[in-house]
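Q: Data file run_25.txt (compact mmCIF, N, CA, C and O atoms and all ligand atoms) is appended below.
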# COMPACT_ATOMS: atom_id res chain seq x y z
N MET C 1 0.84 -1.20 0.00
CA MET C 1 0.00 0.00 0.00
C MET C 1 0.88 1.26 0.00
O MET C 1 1.89 1.31 0.70
N LEU C 2 0.49 2.26 -0.78
CA LEU C 2 1.27 3.50 -0.81
C LEU C 2 0.92 4.35 0.41
O LEU C 2 -0.23 4.41 0.82
N THR C 3 1.91 4.99 0.96
CA THR C 3 1.67 5.87 2.10
C THR C 3 2.10 7.27 1.71
O THR C 3 2.91 7.45 0.80
N PRO C 4 1.58 8.29 2.40
CA PRO C 4 1.94 9.66 2.05
C PRO C 4 3.40 9.99 2.33
O PRO C 4 3.88 11.04 1.94
N ILE C 5 4.10 9.11 3.00
CA ILE C 5 5.48 9.43 3.37
C ILE C 5 6.44 9.27 2.19
O ILE C 5 7.50 9.88 2.17
N SER C 6 6.04 8.50 1.18
CA SER C 6 7.01 8.22 0.12
C SER C 6 7.51 9.45 -0.64
O SER C 6 8.70 9.55 -0.90
N PRO C 7 6.64 10.43 -0.97
CA PRO C 7 7.19 11.63 -1.64
C PRO C 7 8.17 12.37 -0.75
O PRO C 7 9.17 12.93 -1.23
N ILE C 8 7.90 12.38 0.55
CA ILE C 8 8.81 13.08 1.48
C ILE C 8 10.16 12.37 1.50
O ILE C 8 11.21 13.00 1.45
N LEU C 9 10.11 11.06 1.55
CA LEU C 9 11.35 10.28 1.55
C LEU C 9 12.13 10.53 0.27
O LEU C 9 13.35 10.69 0.29
N ARG C 10 11.41 10.57 -0.86
CA ARG C 10 12.07 10.82 -2.15
C ARG C 10 12.81 12.16 -2.11
O ARG C 10 13.93 12.27 -2.55
N ARG C 11 12.14 13.17 -1.58
CA ARG C 11 12.73 14.51 -1.51
C ARG C 11 13.96 14.48 -0.59
O ARG C 11 14.99 15.07 -0.90
N ALA C 12 13.83 13.78 0.53
CA ALA C 12 14.94 13.69 1.48
C ALA C 12 16.13 13.02 0.81
O ALA C 12 17.28 13.44 0.96
N LEU C 13 15.86 11.97 0.05
CA LEU C 13 16.94 11.27 -0.65
C LEU C 13 17.60 12.20 -1.66
O LEU C 13 18.82 12.22 -1.81
N ALA C 14 16.78 13.00 -2.36
CA ALA C 14 17.33 13.93 -3.35
C ALA C 14 18.24 14.94 -2.67
O ALA C 14 19.32 15.25 -3.16
N LEU C 15 17.79 15.46 -1.54
CA LEU C 15 18.59 16.45 -0.82
C LEU C 15 19.89 15.82 -0.33
O LEU C 15 20.95 16.42 -0.39
N THR C 16 19.79 14.58 0.15
CA THR C 16 20.98 13.87 0.60
C THR C 16 21.96 13.72 -0.55
O THR C 16 23.15 13.96 -0.42
N SER C 17 21.41 13.35 -1.71
CA SER C 17 22.25 13.17 -2.89
C SER C 17 22.94 14.47 -3.28
O SER C 17 24.12 14.50 -3.61
N LEU C 18 22.21 15.60 -3.22
CA LEU C 18 22.81 16.90 -3.53
C LEU C 18 23.92 17.21 -2.54
O LEU C 18 24.98 17.69 -2.91
N ALA C 19 23.66 16.94 -1.27
CA ALA C 19 24.65 17.23 -0.24
C ALA C 19 25.91 16.40 -0.48
O ALA C 19 27.02 16.89 -0.34
N CYS C 20 25.72 15.14 -0.85
CA CYS C 20 26.86 14.26 -1.13
C CYS C 20 27.65 14.80 -2.30
O CYS C 20 28.88 14.84 -2.27
N THR C 21 26.95 15.23 -3.35
CA THR C 21 27.63 15.76 -4.53
C THR C 21 28.47 16.97 -4.14
O THR C 21 29.63 17.09 -4.53
N ALA C 22 27.89 17.86 -3.34
CA ALA C 22 28.61 19.06 -2.92
C ALA C 22 29.85 18.66 -2.13
O ALA C 22 30.93 19.21 -2.33
N PHE C 23 29.69 17.69 -1.26
CA PHE C 23 30.80 17.27 -0.41
C PHE C 23 31.92 16.67 -1.26
O PHE C 23 33.08 17.05 -1.12
N ILE C 24 31.56 15.78 -2.17
CA ILE C 24 32.56 15.10 -2.99
C ILE C 24 33.31 16.11 -3.88
O ILE C 24 34.51 16.05 -4.02
N THR C 25 32.56 17.07 -4.46
CA THR C 25 33.19 17.97 -5.42
C THR C 25 34.02 19.05 -4.74
O THR C 25 34.80 19.71 -5.40
N LEU C 26 33.87 19.23 -3.43
CA LEU C 26 34.71 20.20 -2.74
C LEU C 26 36.18 19.91 -2.98
O LEU C 26 36.99 20.81 -3.16
N GLY C 27 36.52 18.64 -3.00
CA GLY C 27 37.90 18.23 -3.15
C GLY C 27 38.40 18.27 -4.58
O GLY C 27 39.60 18.23 -4.81
N THR C 28 37.50 18.37 -5.54
CA THR C 28 37.93 18.26 -6.94
C THR C 28 37.70 19.54 -7.74
O THR C 28 37.95 19.57 -8.93
N ALA C 29 37.22 20.60 -7.08
CA ALA C 29 37.05 21.89 -7.72
C ALA C 29 36.09 21.85 -8.91
O ALA C 29 36.19 22.61 -9.85
N VAL C 30 35.14 20.92 -8.86
CA VAL C 30 34.10 20.87 -9.89
C VAL C 30 32.86 21.54 -9.30
O VAL C 30 32.70 21.59 -8.09
N SER C 31 32.01 22.08 -10.15
CA SER C 31 30.78 22.72 -9.68
C SER C 31 30.02 21.80 -8.72
O SER C 31 29.89 20.61 -8.94
N ALA C 32 29.53 22.39 -7.65
CA ALA C 32 28.87 21.60 -6.61
C ALA C 32 27.50 21.10 -7.05
O ALA C 32 27.00 20.14 -6.49
N HIS C 33 26.88 21.72 -8.04
CA HIS C 33 25.51 21.36 -8.38
C HIS C 33 25.42 20.42 -9.57
O HIS C 33 24.47 19.68 -9.70
N ALA C 34 26.38 20.50 -10.46
CA ALA C 34 26.18 19.87 -11.75
C ALA C 34 27.11 18.68 -11.94
O ALA C 34 28.17 18.58 -11.34
N GLU C 35 26.68 17.78 -12.80
CA GLU C 35 27.52 16.67 -13.23
C GLU C 35 27.24 16.49 -14.72
O GLU C 35 26.14 16.75 -15.18
N PRO C 36 28.23 16.06 -15.50
CA PRO C 36 28.01 15.89 -16.94
C PRO C 36 27.03 14.75 -17.20
O PRO C 36 27.13 13.70 -16.58
N VAL C 37 26.08 15.01 -18.08
CA VAL C 37 25.04 14.04 -18.39
C VAL C 37 24.97 13.89 -19.91
O VAL C 37 25.08 14.87 -20.64
N LYS C 38 24.81 12.65 -20.37
CA LYS C 38 24.66 12.42 -21.80
C LYS C 38 23.19 12.51 -22.19
O LYS C 38 22.30 12.06 -21.44
N GLY C 39 22.94 13.09 -23.36
CA GLY C 39 21.57 13.21 -23.83
C GLY C 39 21.53 13.40 -25.33
O GLY C 39 22.56 13.42 -26.00
N GLU C 40 20.31 13.54 -25.83
CA GLU C 40 20.10 13.81 -27.25
C GLU C 40 19.13 14.98 -27.37
O GLU C 40 18.13 15.04 -26.64
N VAL C 41 19.46 15.90 -28.27
CA VAL C 41 18.58 17.04 -28.50
C VAL C 41 17.38 16.57 -29.32
O VAL C 41 17.53 16.00 -30.40
N ILE C 42 16.19 16.78 -28.79
CA ILE C 42 14.97 16.42 -29.51
C ILE C 42 14.45 17.64 -30.26
O ILE C 42 14.00 17.55 -31.40
N LYS C 43 14.50 18.80 -29.62
CA LYS C 43 13.94 20.01 -30.23
C LYS C 43 14.63 21.24 -29.64
O LYS C 43 14.90 21.28 -28.44
N VAL C 44 14.91 22.22 -30.48
CA VAL C 44 15.47 23.49 -30.03
C VAL C 44 14.40 24.56 -30.18
O VAL C 44 13.80 24.70 -31.24
N MET C 45 14.13 25.30 -29.08
CA MET C 45 13.15 26.38 -29.11
C MET C 45 13.89 27.67 -28.77
O MET C 45 13.83 28.18 -27.64
N ALA C 46 14.63 28.17 -29.77
CA ALA C 46 15.55 29.28 -29.54
C ALA C 46 14.82 30.52 -29.03
O ALA C 46 15.32 31.21 -28.13
N SER C 47 13.63 30.81 -29.56
CA SER C 47 12.94 32.04 -29.17
C SER C 47 12.52 32.01 -27.70
O SER C 47 12.33 33.05 -27.08
N GLN C 48 12.38 30.80 -27.15
CA GLN C 48 12.01 30.67 -25.72
C GLN C 48 13.22 30.37 -24.84
O GLN C 48 13.06 30.15 -23.64
N GLN C 49 14.41 30.30 -25.46
CA GLN C 49 15.62 29.90 -24.73
C GLN C 49 15.42 28.56 -24.03
O GLN C 49 15.79 28.38 -22.87
N LYS C 50 14.79 27.63 -24.75
CA LYS C 50 14.53 26.30 -24.21
C LYS C 50 14.92 25.24 -25.22
O LYS C 50 15.01 25.52 -26.42
N LEU C 51 15.11 24.03 -24.72
CA LEU C 51 15.26 22.88 -25.60
C LEU C 51 14.69 21.65 -24.93
O LEU C 51 14.51 21.60 -23.71
N THR C 52 14.34 20.68 -25.79
CA THR C 52 13.88 19.40 -25.28
C THR C 52 15.04 18.42 -25.36
O THR C 52 15.67 18.30 -26.42
N LEU C 53 15.35 17.77 -24.24
CA LEU C 53 16.44 16.80 -24.19
C LEU C 53 15.91 15.45 -23.74
O LEU C 53 15.12 15.37 -22.79
N ARG C 54 16.36 14.39 -24.42
CA ARG C 54 16.19 13.04 -23.90
C ARG C 54 17.50 12.71 -23.18
O ARG C 54 18.57 12.82 -23.80
N HIS C 55 17.43 12.38 -21.90
CA HIS C 55 18.69 12.22 -21.16
C HIS C 55 18.70 10.97 -20.31
O HIS C 55 17.67 10.41 -19.97
N GLU C 56 19.93 10.56 -19.96
CA GLU C 56 20.12 9.43 -19.05
C GLU C 56 19.79 9.89 -17.62
O GLU C 56 19.48 11.06 -17.40
N ALA C 57 19.89 8.98 -16.68
CA ALA C 57 19.59 9.32 -15.29
C ALA C 57 20.52 10.41 -14.78
O ALA C 57 21.69 10.49 -15.16
N ILE C 58 19.97 11.31 -13.92
CA ILE C 58 20.77 12.36 -13.28
C ILE C 58 20.60 12.22 -11.77
O ILE C 58 19.67 12.79 -11.18
N PRO C 59 21.48 11.45 -11.13
CA PRO C 59 21.29 11.18 -9.69
C PRO C 59 21.23 12.45 -8.85
O PRO C 59 20.43 12.54 -7.92
N SER C 60 22.04 13.45 -9.17
CA SER C 60 22.06 14.65 -8.32
C SER C 60 20.77 15.45 -8.41
O SER C 60 20.48 16.26 -7.53
N LEU C 61 20.00 15.25 -9.48
CA LEU C 61 18.71 15.94 -9.61
C LEU C 61 17.55 14.97 -9.37
O LEU C 61 16.39 15.34 -9.58
N ASP C 62 17.87 13.76 -8.94
CA ASP C 62 16.84 12.76 -8.64
C ASP C 62 15.97 12.46 -9.86
O ASP C 62 14.76 12.34 -9.76
N MET C 63 16.60 12.40 -11.03
CA MET C 63 15.83 12.15 -12.27
C MET C 63 16.21 10.80 -12.86
O MET C 63 17.39 10.51 -13.05
N PRO C 64 15.21 10.02 -13.20
CA PRO C 64 15.46 8.81 -14.00
C PRO C 64 15.68 9.24 -15.46
O PRO C 64 15.53 10.42 -15.78
N PRO C 65 16.03 8.32 -16.35
CA PRO C 65 16.10 8.69 -17.77
C PRO C 65 14.74 9.21 -18.23
O PRO C 65 13.71 8.66 -17.86
N MET C 66 14.74 10.28 -19.01
CA MET C 66 13.46 10.88 -19.44
C MET C 66 13.70 11.87 -20.58
O MET C 66 14.83 12.18 -20.92
N THR C 67 12.60 12.34 -21.13
CA THR C 67 12.63 13.42 -22.11
C THR C 67 11.90 14.60 -21.51
O THR C 67 10.79 14.45 -21.00
N MET C 68 12.54 15.76 -21.49
CA MET C 68 11.92 16.93 -20.86
C MET C 68 12.49 18.22 -21.44
O MET C 68 13.51 18.23 -22.12
N ASN C 69 11.80 19.33 -21.13
CA ASN C 69 12.25 20.64 -21.57
C ASN C 69 13.14 21.28 -20.51
O ASN C 69 12.88 21.13 -19.32
N TYR C 70 14.16 21.97 -20.98
CA TYR C 70 15.03 22.74 -20.10
C TYR C 70 15.15 24.15 -20.63
O TYR C 70 15.20 24.36 -21.84
N ARG C 71 15.26 25.09 -19.73
CA ARG C 71 15.68 26.45 -20.09
C ARG C 71 17.21 26.47 -20.10
O ARG C 71 17.84 25.69 -19.38
N VAL C 72 17.81 27.32 -20.92
CA VAL C 72 19.27 27.43 -20.92
C VAL C 72 19.70 28.69 -20.17
O VAL C 72 18.99 29.70 -20.16
N ALA C 73 20.86 28.60 -19.52
CA ALA C 73 21.37 29.73 -18.74
C ALA C 73 21.73 30.91 -19.63
O ALA C 73 21.59 32.06 -19.23
N LYS C 74 22.24 30.59 -20.85
CA LYS C 74 22.61 31.64 -21.81
C LYS C 74 22.10 31.24 -23.18
O LYS C 74 22.25 30.08 -23.58
N PRO C 75 21.52 32.18 -23.95
CA PRO C 75 20.99 31.83 -25.27
C PRO C 75 22.05 31.25 -26.20
O PRO C 75 21.73 30.42 -27.06
N GLU C 76 23.32 31.65 -26.03
CA GLU C 76 24.40 31.15 -26.90
C GLU C 76 24.54 29.64 -26.82
O GLU C 76 25.07 29.02 -27.74
N LEU C 77 24.11 29.05 -25.70
CA LEU C 77 24.24 27.60 -25.55
C LEU C 77 23.48 26.86 -26.65
O LEU C 77 23.81 25.73 -27.00
N LEU C 78 22.43 27.51 -27.18
CA LEU C 78 21.61 26.83 -28.19
C LEU C 78 22.17 27.00 -29.60
O LEU C 78 21.72 26.31 -30.52
N SER C 79 23.14 27.89 -29.78
CA SER C 79 23.56 28.23 -31.14
C SER C 79 24.33 27.10 -31.83
O SER C 79 24.39 27.04 -33.04
N SER C 80 24.92 26.19 -31.03
CA SER C 80 25.76 25.16 -31.65
C SER C 80 25.10 23.78 -31.66
O SER C 80 25.76 22.79 -31.96
N VAL C 81 23.81 23.70 -31.32
CA VAL C 81 23.15 22.39 -31.31
C VAL C 81 21.87 22.42 -32.16
O VAL C 81 21.27 23.47 -32.38
N LYS C 82 21.51 21.22 -32.65
CA LYS C 82 20.27 21.07 -33.42
C LYS C 82 19.64 19.74 -33.06
O LYS C 82 20.29 18.87 -32.45
N ALA C 83 18.38 19.57 -33.45
CA ALA C 83 17.68 18.32 -33.17
C ALA C 83 18.47 17.14 -33.73
O ALA C 83 19.00 17.21 -34.84
N GLY C 84 18.58 16.08 -32.94
CA GLY C 84 19.30 14.89 -33.36
C GLY C 84 20.72 14.81 -32.84
O GLY C 84 21.31 13.74 -32.83
N ASP C 85 21.26 15.95 -32.38
CA ASP C 85 22.64 15.94 -31.85
C ASP C 85 22.71 15.17 -30.54
O ASP C 85 21.86 15.31 -29.67
N LYS C 86 23.77 14.37 -30.41
CA LYS C 86 24.10 13.74 -29.13
C LYS C 86 24.94 14.74 -28.36
O LYS C 86 25.94 15.27 -28.89
N VAL C 87 24.55 15.01 -27.13
CA VAL C 87 25.21 16.07 -26.36
C VAL C 87 25.63 15.60 -24.97
O VAL C 87 25.15 14.56 -24.48
N ILE C 88 26.52 16.37 -24.38
CA ILE C 88 26.83 16.25 -22.96
C ILE C 88 26.45 17.59 -22.34
O ILE C 88 26.83 18.65 -22.86
N PHE C 89 25.66 17.53 -21.26
CA PHE C 89 25.22 18.79 -20.67
C PHE C 89 25.27 18.71 -19.14
O PHE C 89 25.44 17.64 -18.56
N GLU C 90 25.15 19.88 -18.53
CA GLU C 90 25.01 19.96 -17.08
C GLU C 90 23.78 20.79 -16.79
O GLU C 90 23.50 21.77 -17.48
N ALA C 91 23.04 20.38 -15.76
CA ALA C 91 21.82 21.09 -15.40
C ALA C 91 21.77 21.31 -13.89
O ALA C 91 22.32 20.53 -13.12
N GLU C 92 21.09 22.39 -13.51
CA GLU C 92 20.91 22.71 -12.10
C GLU C 92 19.43 22.90 -11.81
O GLU C 92 18.68 23.32 -12.68
N ASP C 93 19.07 22.60 -10.58
CA ASP C 93 17.72 22.86 -10.09
C ASP C 93 17.76 24.20 -9.35
O ASP C 93 18.33 24.30 -8.27
N ARG C 94 17.18 25.23 -9.97
CA ARG C 94 17.12 26.54 -9.30
C ARG C 94 15.68 26.77 -8.86
O ARG C 94 14.84 27.16 -9.67
N GLN C 95 15.41 26.50 -7.62
CA GLN C 95 14.06 26.63 -7.05
C GLN C 95 13.00 25.95 -7.93
O GLN C 95 11.97 26.52 -8.22
N GLY C 96 13.31 24.75 -8.34
CA GLY C 96 12.33 23.97 -9.10
C GLY C 96 12.38 24.19 -10.60
O GLY C 96 11.68 23.51 -11.34
N ASN C 97 13.20 25.16 -11.06
CA ASN C 97 13.38 25.34 -12.50
C ASN C 97 14.68 24.68 -12.92
O ASN C 97 15.73 24.99 -12.36
N PHE C 98 14.60 23.80 -13.90
CA PHE C 98 15.80 23.09 -14.33
C PHE C 98 16.45 23.86 -15.46
O PHE C 98 15.84 24.13 -16.50
N ILE C 99 17.70 24.26 -15.22
CA ILE C 99 18.43 25.14 -16.13
C ILE C 99 19.66 24.42 -16.65
O ILE C 99 20.46 23.90 -15.86
N VAL C 100 19.83 24.40 -17.96
CA VAL C 100 21.05 23.85 -18.54
C VAL C 100 22.13 24.92 -18.50
O VAL C 100 21.95 26.04 -19.01
N THR C 101 23.26 24.59 -17.84
CA THR C 101 24.35 25.56 -17.69
C THR C 101 25.52 25.28 -18.62
O THR C 101 26.34 26.16 -18.87
N GLN C 102 25.63 24.03 -19.10
CA GLN C 102 26.68 23.64 -20.04
C GLN C 102 26.02 22.74 -21.09
O GLN C 102 25.18 21.91 -20.72
N LEU C 103 26.43 22.89 -22.34
CA LEU C 103 25.84 22.07 -23.40
C LEU C 103 26.83 21.98 -24.54
O LEU C 103 27.21 22.99 -25.14
N LYS C 104 27.28 20.74 -24.82
CA LYS C 104 28.24 20.54 -25.91
C LYS C 104 27.86 19.31 -26.71
O LYS C 104 27.38 18.32 -26.14
N VAL C 105 28.12 19.35 -28.01
CA VAL C 105 27.92 18.17 -28.84
C VAL C 105 28.99 17.15 -28.44
O VAL C 105 30.15 17.51 -28.21
N GLN C 106 28.57 15.89 -28.32
CA GLN C 106 29.52 14.83 -27.94
C GLN C 106 30.60 14.70 -28.99
O GLN C 106 30.30 14.66 -30.18
N PRO C 107 31.86 14.62 -28.55
CA PRO C 107 32.95 14.45 -29.51
C PRO C 107 32.88 13.07 -30.19
O PRO C 107 32.29 12.17 -29.65
CU CU T 201 14.91 15.26 -16.71
What's the structure tokens form of this structure?
A:
Amino acid sequence: MLTPISPILRRALALTSLACTAFITLGTAVSAHAEPVKGEVIKVMASQQKLTLRHEAIPSLDMPPMTMNYRVAKPELLSSVKAGDKVIFEAEDRQGNFIVTQLKVQP
């Protein structure tokens, strides 16, 4: 039977995961919020500064593999990608808004 506690537990686990990421990256001088994630560009919406990405799991954001829309931190991030590109990106959760901060076509 499902109980109301499960969403709370999920959130707690996500926060724990973020805290762990911050702790681990302190020693390696990598951004505390982001980790490189592989994905594929499904759609670019340049006028909205958004794109649709199909991506692998993102443990630090508590996301399973999925397809979703992201806003980009800078419009220039969209200038070098198009639908169908395989990319590596980093995303942050800013008060519930998921923002892509890094975006590169996979070498
Ligand atoms: Cu996602």
Q: Using atom O of C:Arg71 and atom C of C:Gln48 as the two end points, give the distance in Å to one decimal.
A: 8.5 Å
Q: Could you report the residues within 6 Å of ligand CU 201 (chain T), using all atoms listed in the file, as a list in words?
A: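 Counting only what the definition allows, namely all atoms listed in the file, the set is Met63, Pro64, Met66, Thr67 and Met68 of chain C.
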Q: Save the residues we just selected, N, CA, C and O atoms, as an mmCIF file, in the frame of the given file?
A:
data_model
loop_
_atom_site.group_PDB
_atom_site.id
_atom_site.type_symbol
_atom_site.label_atom_id
_atom_site.label_comp_id
_atom_site.auth_asym_id
_atom_site.auth_seq_id
_atom_site.Cartn_x
_atom_site.Cartn_y
_atom_site.Cartn_z
ATOM 1 N N MET C 63 16.600 12.400 -11.030
ATOM 2 C CA MET C 63 15.830 12.150 -12.270
ATOM 3 C C MET C 63 16.210 10.800 -12.860
ATOM 4 O O MET C 63 17.390 10.510 -13.050
ATOM 5 N N PRO C 64 15.210 10.020 -13.200
ATOM 6 C CA PRO C 64 15.460 8.810 -14.000
ATOM 7 C C PRO C 64 15.680 9.240 -15.460
ATOM 8 O O PRO C 64 15.530 10.420 -15.780
ATOM 9 N N MET C 66 14.740 10.280 -19.010
ATOM 10 C CA MET C 66 13.460 10.880 -19.440
ATOM 11 C C MET C 66 13.700 11.870 -20.580
ATOM 12 O O MET C 66 14.830 12.180 -20.920
ATOM 13 N N THR C 67 12.600 12.340 -21.130
ATOM 14 C CA THR C 67 12.630 13.420 -22.110
ATOM 15 C C THR C 67 11.900 14.600 -21.510
ATOM 16 O O THR C 67 10.790 14.450 -21.000
ATOM 17 N N MET C 68 12.540 15.760 -21.490
ATOM 18 C CA MET C 68 11.920 16.930 -20.860
ATOM 19 C C MET C 68 12.490 18.220 -21.440
ATOM 20 O O MET C 68 13.510 18.230 -22.120
#
Q: May I have the residues within 8 Å of stretch 72-86 of chain C as a list in words, using only N, CA, C and O atoms and disregarding those fewer than 6 positions away in the same chain?
A: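 Neighbouring residues, sequence-local ones excluded: Val37, Lys38, Gly39, Glu40, Val41, Ile42, Lys43, Val44, Met45, Ala46, Gln48, Gln49, Lys50, Leu51, Thr52, Leu53, Arg54, Phe98, Ile99, Val100, Thr101, Gln102, Leu103, Lys104, Val105, Gln106 and Pro107 of chain C.
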Q: Take the residues that were just selected and, keeping N, CA, C and O atoms, output them as a tab-separated table (two decimals), keeping the file's coordinate frame.
A:
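Final output, out_1.tsv:
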chain	number	residue	atom	x	y	z
C	37	VAL	N	26.08	15.01	-18.08
C	37	VAL	CA	25.04	14.04	-18.39
C	37	VAL	C	24.97	13.89	-19.91
C	37	VAL	O	25.08	14.87	-20.64
C	38	LYS	N	24.81	12.65	-20.37
C	38	LYS	CA	24.66	12.42	-21.80
C	38	LYS	C	23.19	12.51	-22.19
C	38	LYS	O	22.30	12.06	-21.44
C	39	GLY	N	22.94	13.09	-23.36
C	39	GLY	CA	21.57	13.21	-23.83
C	39	GLY	C	21.53	13.40	-25.33
C	39	GLY	O	22.56	13.42	-26.00
C	40	GLU	N	20.31	13.54	-25.83
C	40	GLU	CA	20.10	13.81	-27.25
C	40	GLU	C	19.13	14.98	-27.37
C	40	GLU	O	18.13	15.04	-26.64
C	41	VAL	N	19.46	15.90	-28.27
C	41	VAL	CA	18.58	17.04	-28.50
C	41	VAL	C	17.38	16.57	-29.32
C	41	VAL	O	17.53	16.00	-30.40
C	42	ILE	N	16.19	16.78	-28.79
C	42	ILE	CA	14.97	16.42	-29.51
C	42	ILE	C	14.45	17.64	-30.26
C	42	ILE	O	14.00	17.55	-31.40
C	43	LYS	N	14.50	18.80	-29.62
C	43	LYS	CA	13.94	20.01	-30.23
C	43	LYS	C	14.63	21.24	-29.64
C	43	LYS	O	14.90	21.28	-28.44
C	44	VAL	N	14.91	22.22	-30.48
C	44	VAL	CA	15.47	23.49	-30.03
C	44	VAL	C	14.40	24.56	-30.18
C	44	VAL	O	13.80	24.70	-31.24
C	45	MET	N	14.13	25.30	-29.08
C	45	MET	CA	13.15	26.38	-29.11
C	45	MET	C	13.89	27.67	-28.77
C	45	MET	O	13.83	28.18	-27.64
C	46	ALA	N	14.63	28.17	-29.77
C	46	ALA	CA	15.55	29.28	-29.54
C	46	ALA	C	14.82	30.52	-29.03
C	46	ALA	O	15.32	31.21	-28.13
C	48	GLN	N	12.38	30.80	-27.15
C	48	GLN	CA	12.01	30.67	-25.72
C	48	GLN	C	13.22	30.37	-24.84
C	48	GLN	O	13.06	30.15	-23.64
C	49	GLN	N	14.41	30.30	-25.46
C	49	GLN	CA	15.62	29.90	-24.73
C	49	GLN	C	15.42	28.56	-24.03
C	49	GLN	O	15.79	28.38	-22.87
C	50	LYS	N	14.79	27.63	-24.75
C	50	LYS	CA	14.53	26.30	-24.21
C	50	LYS	C	14.92	25.24	-25.22
C	50	LYS	O	15.01	25.52	-26.42
C	51	LEU	N	15.11	24.03	-24.72
C	51	LEU	CA	15.26	22.88	-25.60
C	51	LEU	C	14.69	21.65	-24.93
C	51	LEU	O	14.51	21.60	-23.71
C	52	THR	N	14.34	20.68	-25.79
C	52	THR	CA	13.88	19.40	-25.28
C	52	THR	C	15.04	18.42	-25.36
C	52	THR	O	15.67	18.30	-26.42
C	53	LEU	N	15.35	17.77	-24.24
C	53	LEU	CA	16.44	16.80	-24.19
C	53	LEU	C	15.91	15.45	-23.74
C	53	LEU	O	15.12	15.37	-22.79
C	54	ARG	N	16.36	14.39	-24.42
C	54	ARG	CA	16.19	13.04	-23.90
C	54	ARG	C	17.50	12.71	-23.18
C	54	ARG	O	18.57	12.82	-23.80
C	98	PHE	N	14.60	23.80	-13.90
C	98	PHE	CA	15.80	23.09	-14.33
C	98	PHE	C	16.45	23.86	-15.46
C	98	PHE	O	15.84	24.13	-16.50
C	99	ILE	N	17.70	24.26	-15.22
C	99	ILE	CA	18.43	25.14	-16.13
C	99	ILE	C	19.66	24.42	-16.65
C	99	ILE	O	20.46	23.90	-15.86
C	100	VAL	N	19.83	24.40	-17.96
C	100	VAL	CA	21.05	23.85	-18.54
C	100	VAL	C	22.13	24.92	-18.50
C	100	VAL	O	21.95	26.04	-19.01
C	101	THR	N	23.26	24.59	-17.84
C	101	THR	CA	24.35	25.56	-17.69
C	101	THR	C	25.52	25.28	-18.62
C	101	THR	O	26.34	26.16	-18.87
C	102	GLN	N	25.63	24.03	-19.10
C	102	GLN	CA	26.68	23.64	-20.04
C	102	GLN	C	26.02	22.74	-21.09
C	102	GLN	O	25.18	21.91	-20.72
C	103	LEU	N	26.43	22.89	-22.34
C	103	LEU	CA	25.84	22.07	-23.40
C	103	LEU	C	26.83	21.98	-24.54
C	103	LEU	O	27.21	22.99	-25.14
C	104	LYS	N	27.28	20.74	-24.82
C	104	LYS	CA	28.24	20.54	-25.91
C	104	LYS	C	27.86	19.31	-26.71
C	104	LYS	O	27.38	18.32	-26.14
C	105	VAL	N	28.12	19.35	-28.01
C	105	VAL	CA	27.92	18.17	-28.84
C	105	VAL	C	28.99	17.15	-28.44
C	105	VAL	O	30.15	17.51	-28.21
C	106	GLN	N	28.57	15.89	-28.32
C	106	GLN	CA	29.52	14.83	-27.94
C	106	GLN	C	30.60	14.70	-28.99
C	106	GLN	O	30.30	14.66	-30.18
C	107	PRO	N	31.86	14.62	-28.55
C	107	PRO	CA	32.95	14.45	-29.51
C	107	PRO	C	32.88	13.07	-30.19
C	107	PRO	O	32.29	12.17	-29.65
Q: What's the separation between atom C of C:Ser60 and atom CA of C:Ser47, in Å to one decimal place?
A: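 Answer for the atom C of C:Ser60 to atom CA of C:Ser47 separation: 27.7 Å.
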Q: Go ahead and find all residues with at least one atom no further than 6 Å from (26.4, 16.1, -17.1) in the file's coordinates, using only N, CA, C and O atoms; report them as a VMD selection string.
A: chain C and resid 34 to 38 88 to 91
Q: Which distance in Å separates atom C of C:Gln95 and atom C of C:Asn69, to one decimal?
A: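 About the pair atom C of C:Gln95 and atom C of C:Asn69: they are 13.4 Å apart.
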Q: Please identify which residues in stretch 33-104 of chain C DSSP calls strand (DSSP E or B) from the backbone, and express them as an NGL selection string.
A: :C and (37-45 or 50-55 or 58 or 63 or 66-72 or 86-94 or 97-104)
